[in-house]
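Visitor: So here's run-v7.pdb (PDB, C-alpha atoms).
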MODEL        1
ATOM      1  CA  MET A   7      -0.038  77.928  65.747
ATOM      2  CA  SER A   8       0.051  80.154  62.758
ATOM      3  CA  VAL A   9       2.549  81.514  60.317
ATOM      4  CA  THR A  10       2.149  84.542  58.065
ATOM      5  CA  VAL A  11       4.585  85.254  55.265
ATOM      6  CA  ILE A  12       4.533  88.752  53.832
ATOM      7  CA  THR A  13       7.049  90.587  51.706
ATOM      8  CA  ALA A  14       9.388  91.700  54.460
ATOM      9  CA  THR A  15       8.717  89.396  57.387
ATOM     10  CA  ILE A  16       7.630  85.941  58.444
ATOM     11  CA  SER A  17       5.489  85.946  61.594
ATOM     12  CA  PHE A  18       4.969  82.971  63.884
ATOM     13  CA  SER A  19       2.261  83.173  66.520
ATOM     14  CA  TYR A  20       1.067  80.804  69.273
ATOM     15  CA  THR A  21      -1.878  81.506  71.527
ATOM     16  CA  PHE A  22      -1.745  80.486  75.140
ATOM     17  CA  ALA A  23      -5.221  78.937  74.871
ATOM     18  CA  ALA A  24      -4.191  76.550  72.077
ATOM     19  CA  ILE A  25      -0.913  75.567  73.725
ATOM     20  CA  PHE A  26      -2.592  75.086  77.104
ATOM     21  CA  ASP A  27      -5.215  72.814  75.554
ATOM     22  CA  LYS A  28      -2.546  70.540  74.100
ATOM     23  CA  VAL A  29      -0.480  70.508  77.283
ATOM     24  CA  GLU A  30      -3.602  69.640  79.256
ATOM     25  CA  GLN A  31      -4.381  66.711  76.938
ATOM     26  CA  LEU A  32      -0.834  65.360  76.888
ATOM     27  CA  THR A  33      -0.279  65.544  80.639
ATOM     28  CA  THR A  34      -3.612  63.805  81.214
ATOM     29  CA  ARG A  35      -2.545  60.979  78.918
ATOM     30  CA  VAL A  36       0.707  60.565  80.813
ATOM     31  CA  ALA A  37      -1.008  60.780  84.207
ATOM     32  CA  GLN A  38      -3.456  58.042  83.206
ATOM     33  CA  SER A  39      -0.496  55.659  82.995
ATOM     34  CA  ILE A  40       0.856  56.487  86.432
ATOM     35  CA  GLY A  41      -0.848  54.653  89.239
ATOM     36  CA  ASP A  42      -0.649  55.013  93.007
ATOM     37  CA  LYS A  43      -0.143  52.036  95.360
ATOM     38  CA  GLU A  44      -3.707  50.913  94.728
ATOM     39  CA  GLY A  45      -3.327  51.280  90.954
ATOM     40  CA  ASN A  46      -5.501  54.363  90.657
ATOM     41  CA  ALA A  47      -4.477  56.797  87.936
ATOM     42  CA  MET A  48      -2.894  59.910  89.434
ATOM     43  CA  ILE A  49      -4.514  62.375  87.095
ATOM     44  CA  ASP A  50      -5.120  64.963  89.776
ATOM     45  CA  MET A  51      -1.446  64.851  90.770
ATOM     46  CA  TYR A  52       0.246  64.937  87.383
ATOM     47  CA  ALA A  53      -2.225  66.249  84.789
ATOM     48  CA  VAL A  54      -2.409  69.969  84.133
ATOM     49  CA  SER A  55      -5.794  71.481  84.882
ATOM     50  CA  ASP A  56      -7.237  74.982  84.766
ATOM     51  CA  ASP A  57      -5.920  75.509  88.291
ATOM     52  CA  GLU A  58      -2.385  75.422  86.922
ATOM     53  CA  LYS A  59      -2.909  77.913  84.136
ATOM     54  CA  ASP A  60      -0.604  80.466  85.723
ATOM     55  CA  THR A  61       2.219  77.933  85.957
ATOM     56  CA  VAL A  62       1.790  76.832  82.354
ATOM     57  CA  LEU A  63       1.708  80.454  81.193
ATOM     58  CA  PHE A  64       4.956  81.106  83.008
ATOM     59  CA  LEU A  65       6.498  78.001  81.416
ATOM     60  CA  LEU A  66       5.265  79.005  77.956
ATOM     61  CA  GLN A  67       6.845  82.431  78.322
ATOM     62  CA  ASP A  68      10.079  80.838  79.534
ATOM     63  CA  ALA A  69      10.015  78.401  76.610
ATOM     64  CA  ALA A  70       9.474  81.235  74.122
ATOM     65  CA  ARG A  71      12.382  83.250  75.543
ATOM     66  CA  ASN A  72      14.651  80.218  75.322
ATOM     67  CA  LEU A  73      13.582  79.224  71.845
ATOM     68  CA  PHE A  74      13.351  82.623  70.181
ATOM     69  CA  LYS A  75      16.842  83.714  71.222
ATOM     70  CA  GLY A  76      18.204  81.291  68.597
ATOM     71  CA  PHE A  77      16.675  83.469  65.875
ATOM     72  CA  GLY A  78      18.656  86.533  67.042
ATOM     73  CA  LYS A  79      20.244  87.791  63.839
ATOM     74  CA  LEU A  80      17.128  87.099  61.780
ATOM     75  CA  THR A  81      15.206  89.665  63.826
ATOM     76  CA  PHE A  82      17.648  92.524  63.177
ATOM     77  CA  GLY A  83      15.833  95.694  62.153
ATOM     78  CA  ILE A  84      12.365  94.409  63.050
ATOM     79  CA  THR A  85      10.558  96.395  65.717
ATOM     80  CA  ASP A  86       8.911  94.245  68.409
ATOM     81  CA  ALA A  87      10.207  91.063  66.792
ATOM     82  CA  ILE A  88       9.396  89.064  69.912
ATOM     83  CA  THR A  89       6.110  89.397  71.770
ATOM     84  CA  ILE A  90       5.539  87.543  75.020
ATOM     85  CA  SER A  91       2.217  88.328  76.653
ATOM     86  CA  ASP A  92      -0.412  86.603  78.775
ATOM     87  CA  THR A  93      -2.360  85.539  75.703
ATOM     88  CA  LEU A  94       0.260  84.669  73.104
ATOM     89  CA  VAL A  95       3.897  84.398  72.175
ATOM     90  CA  SER A  96       5.003  85.488  68.723
ATOM     91  CA  LEU A  97       8.110  85.971  66.676
ATOM     92  CA  LYS A  98       8.791  88.003  63.550
ATOM     93  CA  ILE A  99      11.849  87.341  61.415
ATOM     94  CA  LYS A 100      13.150  88.829  58.212
ATOM     95  CA  ASN A 101      11.922  87.266  54.980
ATOM     96  CA  ASN A 102      14.758  87.276  52.488
ATOM     97  CA  GLY A 103      12.728  85.333  49.975
ATOM     98  CA  SER A 104      15.390  82.702  49.358
ATOM     99  CA  GLN A 105      13.781  79.833  51.237
ATOM    100  CA  ASN A 106      11.640  76.967  50.074
ATOM    101  CA  THR A 107       8.041  78.197  50.347
ATOM    102  CA  ASN A 108       7.219  75.225  52.593
ATOM    103  CA  THR A 109       9.946  76.038  55.103
ATOM    104  CA  PRO A 110       7.996  78.625  57.171
ATOM    105  CA  ASN A 111       5.164  76.114  57.672
ATOM    106  CA  GLU A 112       7.617  73.422  58.745
ATOM    107  CA  ILE A 113       9.290  75.808  61.199
ATOM    108  CA  ASP A 114       5.864  76.830  62.496
ATOM    109  CA  GLY A 115       4.990  73.236  63.388
ATOM    110  CA  LEU A 116       8.388  72.622  64.928
ATOM    111  CA  ILE A 117       8.194  75.753  67.094
ATOM    112  CA  GLU A 118       4.827  74.651  68.471
ATOM    113  CA  LEU A 119       6.214  71.204  69.248
ATOM    114  CA  ALA A 120       9.274  72.717  70.903
ATOM    115  CA  LEU A 121       7.159  75.017  73.078
ATOM    116  CA  ILE A 122       4.960  72.116  74.178
ATOM    117  CA  ASN A 123       7.882  69.772  74.829
ATOM    118  CA  TYR A 124       9.679  72.434  76.861
ATOM    119  CA  ILE A 125       6.573  72.982  78.990
ATOM    120  CA  LEU A 126       6.099  69.236  79.499
ATOM    121  CA  ALA A 127       9.758  68.742  80.453
ATOM    122  CA  ALA A 128       9.573  71.568  82.982
ATOM    123  CA  TRP A 129       6.174  70.456  84.282
ATOM    124  CA  PHE A 130       7.257  66.877  84.920
ATOM    125  CA  ALA A 131      10.506  68.086  86.474
ATOM    126  CA  LYS A 132       8.437  70.098  88.946
ATOM    127  CA  LYS A 133       6.400  66.959  89.616
ATOM    128  CA  ILE A 134       9.612  64.981  90.275
ATOM    129  CA  LEU A 135       8.998  62.686  87.312
ATOM    130  CA  GLY A 136      12.565  62.601  86.057
ATOM    131  CA  GLU A 137      12.083  60.019  83.350
ATOM    132  CA  GLN A 138       9.210  61.871  81.697
ATOM    133  CA  SER A 139      10.978  65.179  82.129
ATOM    134  CA  ASN A 140      14.141  63.880  80.451
ATOM    135  CA  TYR A 141      12.164  62.404  77.574
ATOM    136  CA  TYR A 142      10.394  65.667  76.776
ATOM    137  CA  TYR A 143      13.564  67.671  77.241
ATOM    138  CA  MET A 144      15.347  65.457  74.695
ATOM    139  CA  GLU A 145      12.403  65.969  72.340
ATOM    140  CA  TYR A 146      12.742  69.719  72.863
ATOM    141  CA  ILE A 147      16.480  69.583  72.078
ATOM    142  CA  LYS A 148      15.703  67.620  68.906
ATOM    143  CA  ASN A 149      13.093  70.223  67.924
ATOM    144  CA  VAL A 150      15.586  73.026  68.469
ATOM    145  CA  LYS A 151      18.127  71.257  66.256
ATOM    146  CA  ASP A 152      15.531  70.765  63.538
ATOM    147  CA  ILE A 153      14.420  74.388  63.765
ATOM    148  CA  THR A 154      18.022  75.595  63.562
ATOM    149  CA  ASP A 155      18.581  73.411  60.535
ATOM    150  CA  LYS A 156      15.455  74.784  58.871
ATOM    151  CA  THR A 157      16.480  78.387  59.541
ATOM    152  CA  PHE A 158      19.705  77.795  57.615
ATOM    153  CA  ARG A 159      17.989  78.700  54.348
ATOM    154  CA  LEU A 160      16.398  81.795  55.851
ATOM    155  CA  ARG A 161      19.836  83.215  56.567
ATOM    156  CA  ILE A 162      21.180  83.017  53.025
ATOM    157  CA  PRO A 163      20.621  86.150  50.938
ATOM    158  CA  ALA A 164      18.337  85.756  47.929
TER     159      ALA A 164
ATOM    160  CA  MET B  30      44.635  98.986  31.457
ATOM    161  CA  ILE B  31      42.559  96.267  33.082
ATOM    162  CA  VAL B  32      39.839  97.148  35.540
ATOM    163  CA  PHE B  33      38.441  94.636  38.011
ATOM    164  CA  TYR B  34      35.332  95.858  39.781
ATOM    165  CA  TYR B  35      33.050  94.085  42.205
ATOM    166  CA  SER B  36      29.760  95.163  43.716
ATOM    167  CA  ILE B  37      30.310  95.359  47.488
ATOM    168  CA  PRO B  38      26.729  94.266  48.365
ATOM    169  CA  ASP B  39      27.138  91.256  46.063
ATOM    170  CA  LEU B  40      30.441  90.379  47.743
ATOM    171  CA  VAL B  41      28.781  90.613  51.158
ATOM    172  CA  LYS B  42      26.025  88.281  49.955
ATOM    173  CA  ARG B  43      28.612  85.733  48.835
ATOM    174  CA  ILE B  44      30.554  86.085  52.080
ATOM    175  CA  THR B  45      27.304  85.530  53.987
ATOM    176  CA  GLU B  46      26.430  82.389  52.047
ATOM    177  CA  GLU B  47      29.954  80.930  52.096
ATOM    178  CA  GLY B  48      30.172  81.443  55.858
ATOM    179  CA  ILE B  49      26.721  80.071  56.631
ATOM    180  CA  ARG B  50      27.209  76.953  54.519
ATOM    181  CA  PHE B  51      30.483  76.251  56.303
ATOM    182  CA  ILE B  52      29.212  76.632  59.867
ATOM    183  CA  ARG B  53      25.772  75.153  59.219
ATOM    184  CA  ARG B  54      26.396  72.270  61.622
ATOM    185  CA  ALA B  55      28.893  73.980  63.943
ATOM    186  CA  LYS B  56      28.224  73.373  67.615
ATOM    187  CA  ASP B  57      29.724  74.436  70.898
ATOM    188  CA  GLN B  58      31.013  71.964  73.480
ATOM    189  CA  ASP B  59      27.512  71.573  74.911
ATOM    190  CA  GLY B  60      26.082  70.640  71.526
ATOM    191  CA  ASN B  61      24.321  73.962  70.972
ATOM    192  CA  SER B  62      24.214  75.253  67.415
ATOM    193  CA  LEU B  63      26.528  78.165  66.637
ATOM    194  CA  LEU B  64      24.658  79.062  63.471
ATOM    195  CA  ASN B  65      23.149  82.226  64.916
ATOM    196  CA  ILE B  66      26.443  83.388  66.429
ATOM    197  CA  LEU B  67      28.770  82.620  63.541
ATOM    198  CA  SER B  68      26.491  83.417  60.618
ATOM    199  CA  VAL B  69      26.804  86.793  58.959
ATOM    200  CA  GLY B  70      23.534  88.635  59.523
ATOM    201  CA  ASP B  71      22.285  92.107  58.718
ATOM    202  CA  GLU B  72      23.702  93.382  62.006
ATOM    203  CA  ASP B  73      27.187  92.337  60.846
ATOM    204  CA  ASP B  74      26.953  94.201  57.555
ATOM    205  CA  SER B  75      29.116  97.185  58.493
ATOM    206  CA  TYR B  76      31.730  95.008  60.206
ATOM    207  CA  VAL B  77      31.991  92.657  57.239
ATOM    208  CA  LYS B  78      32.434  95.642  54.936
ATOM    209  CA  LYS B  79      35.141  96.966  57.246
ATOM    210  CA  LEU B  80      37.006  93.628  57.049
ATOM    211  CA  LEU B  81      36.521  93.548  53.306
ATOM    212  CA  LYS B  82      37.872  97.055  52.906
ATOM    213  CA  GLU B  83      40.668  97.142  55.444
ATOM    214  CA  VAL B  84      41.970  93.576  55.280
ATOM    215  CA  SER B  85      40.952  91.646  52.173
ATOM    216  CA  ALA B  86      40.967  94.421  49.573
ATOM    217  CA  GLN B  87      44.298  95.718  50.876
ATOM    218  CA  ASP B  88      45.843  92.271  50.513
ATOM    219  CA  ILE B  89      44.708  92.082  46.896
ATOM    220  CA  PHE B  90      45.838  95.601  46.131
ATOM    221  CA  SER B  91      49.276  94.841  47.562
ATOM    222  CA  ILE B  92      49.626  92.152  44.882
ATOM    223  CA  LEU B  93      48.419  94.358  42.032
ATOM    224  CA  GLU B  94      50.128  97.532  43.181
ATOM    225  CA  PRO B  95      53.439  96.924  41.325
ATOM    226  CA  TYR B  96      51.441  96.965  38.098
ATOM    227  CA  THR B  97      49.709 100.269  38.735
ATOM    228  CA  SER B  98      52.703 102.419  37.908
ATOM    229  CA  GLY B  99      51.671 104.826  35.188
ATOM    230  CA  LEU B 100      48.016 105.137  36.126
ATOM    231  CA  ALA B 101      48.684 108.495  37.712
ATOM    232  CA  ASP B 102      50.354 109.744  34.531
ATOM    233  CA  LEU B 103      47.382 109.139  32.268
ATOM    234  CA  ASP B 104      45.540 112.096  30.701
ATOM    235  CA  THR B 105      42.905 111.449  33.311
ATOM    236  CA  PRO B 106      44.896 110.196  36.327
ATOM    237  CA  LEU B 107      43.434 107.087  37.931
ATOM    238  CA  GLU B 108      43.813 105.243  41.212
ATOM    239  CA  GLY B 109      44.899 101.613  41.371
ATOM    240  CA  TYR B 110      42.386 100.968  44.110
ATOM    241  CA  GLU B 111      39.093 102.591  44.976
ATOM    242  CA  TRP B 112      36.477 101.681  47.558
ATOM    243  CA  ASP B 113      32.744 102.247  47.399
ATOM    244  CA  VAL B 114      32.571 104.070  44.090
ATOM    245  CA  THR B 115      30.270 103.823  41.099
ATOM    246  CA  TYR B 116      31.990 102.106  38.223
ATOM    247  CA  ASP B 117      30.328 102.080  34.831
ATOM    248  CA  THR B 118      26.714 101.874  36.007
ATOM    249  CA  THR B 119      27.334  99.704  39.059
ATOM    250  CA  ALA B 120      27.122 101.535  42.393
ATOM    251  CA  ASN B 121      29.063 100.638  45.558
ATOM    252  CA  CYS B 122      32.005  98.967  43.892
ATOM    253  CA  VAL B 123      35.508  98.084  44.938
ATOM    254  CA  VAL B 124      37.762  98.756  41.961
ATOM    255  CA  PHE B 125      41.254  97.485  41.151
ATOM    256  CA  ARG B 126      43.182  98.768  38.127
ATOM    257  CA  MET B 127      46.444  97.590  36.642
ATOM    258  CA  ILE B 128      48.430  98.358  33.549
ATOM    259  CA  GLU B 129      47.878  95.925  30.749
ATOM    260  CA  THR B 130      50.724  95.047  28.445
ATOM    261  CA  GLU B 131      50.242  94.569  24.720
ATOM    262  CA  THR B 132      51.354  90.961  24.983
ATOM    263  CA  MET B 133      49.073  90.001  27.785
ATOM    264  CA  PRO B 134      46.786  87.106  26.815
ATOM    265  CA  ALA B 135      43.244  88.394  26.931
ATOM    266  CA  ALA B 136      41.867  85.087  28.188
ATOM    267  CA  ILE B 137      43.775  85.360  31.473
ATOM    268  CA  VAL B 138      41.572  88.237  32.614
ATOM    269  CA  THR B 139      38.630  85.954  33.438
ATOM    270  CA  PRO B 140      40.530  83.644  35.818
ATOM    271  CA  MET B 141      42.168  86.724  37.338
ATOM    272  CA  GLU B 142      38.750  88.226  37.942
ATOM    273  CA  SER B 143      37.562  85.025  39.647
ATOM    274  CA  ALA B 144      40.737  84.663  41.693
ATOM    275  CA  ILE B 145      40.378  88.205  43.044
ATOM    276  CA  GLU B 146      36.718  87.708  43.923
ATOM    277  CA  ASN B 147      37.383  84.357  45.599
ATOM    278  CA  ALA B 148      40.322  85.822  47.495
ATOM    279  CA  LEU B 149      38.197  88.736  48.742
ATOM    280  CA  VAL B 150      35.461  86.339  49.885
ATOM    281  CA  ASN B 151      37.697  83.721  51.494
ATOM    282  CA  LYS B 152      39.869  86.235  53.326
ATOM    283  CA  THR B 153      36.838  88.044  54.730
ATOM    284  CA  VAL B 154      35.121  84.802  55.814
ATOM    285  CA  SER B 155      38.348  83.708  57.497
ATOM    286  CA  GLN B 156      38.730  87.022  59.311
ATOM    287  CA  PHE B 157      35.077  87.033  60.388
ATOM    288  CA  PHE B 158      35.404  83.550  61.907
ATOM    289  CA  VAL B 159      38.664  84.355  63.691
ATOM    290  CA  ARG B 160      37.198  87.507  65.203
ATOM    291  CA  ASN B 161      34.196  85.534  66.420
ATOM    292  CA  GLY B 162      36.307  82.865  68.113
ATOM    293  CA  TRP B 163      36.069  80.214  65.423
ATOM    294  CA  ASP B 164      38.742  78.519  63.319
ATOM    295  CA  GLY B 165      39.223  80.489  60.113
ATOM    296  CA  SER B 166      42.268  78.589  58.918
ATOM    297  CA  LEU B 167      40.535  76.679  56.119
ATOM    298  CA  HIS B 168      39.293  79.837  54.434
ATOM    299  CA  ASN B 169      42.672  81.439  54.981
ATOM    300  CA  GLN B 170      44.251  78.502  53.163
ATOM    301  CA  LEU B 171      41.764  78.970  50.332
ATOM    302  CA  PHE B 172      42.700  82.640  50.267
ATOM    303  CA  GLU B 173      46.399  81.717  49.997
ATOM    304  CA  ILE B 174      45.583  79.450  47.048
ATOM    305  CA  ASN B 175      43.592  82.238  45.379
ATOM    306  CA  LYS B 176      46.500  84.604  45.981
ATOM    307  CA  GLU B 177      49.041  82.177  44.529
ATOM    308  CA  ASN B 178      46.797  81.654  41.517
ATOM    309  CA  LEU B 179      46.485  85.390  41.005
ATOM    310  CA  ILE B 180      50.235  85.886  41.176
ATOM    311  CA  GLY B 181      50.638  82.961  38.775
ATOM    312  CA  TYR B 182      48.179  84.496  36.317
ATOM    313  CA  ILE B 183      49.972  87.824  36.449
ATOM    314  CA  ASN B 184      53.364  86.190  35.897
ATOM    315  CA  ARG B 185      52.024  84.041  33.097
ATOM    316  CA  ARG B 186      51.720  87.132  30.961
ATOM    317  CA  SER B 187      54.302  86.779  28.251
ATOM    318  CA  GLY B 188      56.403  89.842  27.550
ATOM    319  CA  LEU B 189      55.626  91.440  30.887
ATOM    320  CA  LYS B 190      57.796  94.461  31.361
ATOM    321  CA  ARG B 191      57.978  96.637  34.384
ATOM    322  CA  THR B 192      57.748 100.345  33.721
ATOM    323  CA  TYR B 193      60.324 101.036  36.395
ATOM    324  CA  LYS B 194      63.700  99.685  37.428
ATOM    325  CA  PHE B 195      64.550  98.035  40.717
ATOM    326  CA  TYR B 196      67.673 100.228  41.036
TER     327      TYR B 196
ENDMDL
END
Could you spell out this file's structure in structure tokens?

Guide:
Amino acid sequence: MSVTVITATISFSYTFAAIFDKVEQLTTRVAQSIGDKEGNAMIDMYAVSDDEKDTVLFLLQDAARNLFKGFGKLTFGITDAITISDTLVSLKIKNNGSQNTNTPNEIDGLIELALINYILAAWFAKKILGEQSNYYYMEYIKNVKDITDKTFRLRIPA
Amino acid sequence: MIVFYYSIPDLVKRITEEGIRFIRRAKDQDGNSLLNILSVGDEDDSYVKKLLKEVSAQDIFSILEPYTSGLADLDTPLEGYEWDVTYDTTANCVVFRMIETETMPAAIVTPMESAIENALVNKTVSQFFVRNGWDGSLHNQLFEINKENLIGYINRRSGLKRTYKFY
């Protein structure tokens, strides 16, 4: 994750490689706790591996589209405010200079969490693990609420 | 003569902030935040100015209009209401003028100035919410209070005399 604040804009950027690494770790942790009839951890079944990179990329792009649409009016007048590619997702919003200087960093961390939680919720849903999917989806919803709350200050003119 | 003038960009900023603070926690029936939909953003700038000009400012001018008689007869004829003009050194102003009487208490001008500004802001916020499918009644009530206050301030002027007859 990274955030860059310049005079006119605040840019948030998330590389696929970094997000994939975290998703891989988290799904492995969850999979370690799920055993088959013999009690063997079902890592191969539920953990994301390099074989599933295409699926995770698709989910990341879906997550970014869902999450970034909530910034709508803050992107007005910015060319290419949203970038969704095979290597990264990024968002540029207007910097009106009225926010707490720590706010962009807080939003940056929350966006990364939201992207990861969205991917995990969708991944576990595809693996028919409803409980895990619901948990991460609720986390995602909480992240979205927190992000929206943090963007409140960014919308007020300086 | 009293002149009330307000920078339109500054009014838009206040309208933006008042609206955003009010709908900060507004949600739809599914629990989704309405902040992005109901907040005034840069893309709403021209529409907010249109509401300000064609609804709010007209309402205020309709209150002050009876006290503009005589402005046109001055050595340099003046308008009671002007939109988007430079006044003094301030560009992009909305200007209201009214005839001042000799007995008018000078101190009443400040609350009048505030009442007009608050009325312009509250009416525009109310109209913006209504046109975006949200309840604007609270800000409309605030506008009505501002309007009543303004009328009260005008009527408080001792020795007020109209320069025309009703008949």

Visitor: Evaluate the PyMOL selection byres ((chain A and resi 77-88) around 9) against this structure - the residues, as a ChimeraX atom specification, please.

Guide: /A:15,17,70-71,73-76,89-90,95-101,154,157,160-161 /B:65-66,68-73

Visitor: List the residues matched by the PyMOL selection byres ((chain B) within 10 of (chain A)) in the displayed structure as a PyMOL selection string, ordered by chain and then by residue number.

Guide: chain B and resi 39+41-50+52-54+60-73

Visitor: Apply the PyMOL selection byres ((chain A and resi 32-37) around 7) to the structure shown and report the selected residues as a ChimeraX atom specification.

Guide: /A:28-31,38-40,47-49,52-54

Visitor: Could you save those same residues with C-alpha atoms as a compact mmCIF listing (two decimals), in the frame of the given file?

Guide:
# COMPACT_ATOMS: atom_id res chain seq x y z
CA LYS A 28 -2.55 70.54 74.10
CA VAL A 29 -0.48 70.51 77.28
CA GLU A 30 -3.60 69.64 79.26
CA GLN A 31 -4.38 66.71 76.94
CA GLN A 38 -3.46 58.04 83.21
CA SER A 39 -0.50 55.66 83.00
CA ILE A 40 0.86 56.49 86.43
CA ALA A 47 -4.48 56.80 87.94
CA MET A 48 -2.89 59.91 89.43
CA ILE A 49 -4.51 62.38 87.10
CA TYR A 52 0.25 64.94 87.38
CA ALA A 53 -2.22 66.25 84.79
CA VAL A 54 -2.41 69.97 84.13

Visitor: Set the distance at 9 Å and use only C-alpha atoms: which residues neighbour stretch 95-108 of chain B once local chain neighbours fewer than 6 positions away are removed? I'd like the list as a list in words.

Guide: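 Those residues are Met30, Val124, Phe125, Arg126, Met127, Ile128, Glu129, Arg191, Thr192 and Tyr193 of chain B.
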
Visitor: Just give me the gap between atom CA of B:Gly162 and atom CA of B:Lys82 in Å, one decimal is fine.

Guide: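 Computing it gives 20.9 Å between the two atoms.
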
Visitor: When you count only C-alpha atoms, which of these residues is closest to A:Ile16: A:Gly103, A:Gly115, A:Asp68, A:Asp152?

Guide: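 Using only C-alpha atoms, A:Ile16 sits closest to A:Gly103.
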
Visitor: In Å, how far is it from atom CA of A:Tyr143 to atom CA of A:Ala120?

Guide: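 Atom CA of A:Tyr143 sits 9.2 Å away from atom CA of A:Ala120.
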
Visitor: Could you jot down the atom CA of B:Thr115 to atom CA of B:Pro38 separation for me, Å, one decimal place?

Guide: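 Interatomic distance, atom CA of B:Thr115 to atom CA of B:Pro38: 12.5 Å.
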
Visitor: Return the single residue from B:Ile145, B:Ala136, B:Leu80, B:Asn161 that is closest to B:Leu93, with distances computed using all atoms listed in the file.

Guide: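 The closest residue to B:Leu93 is B:Ile145.
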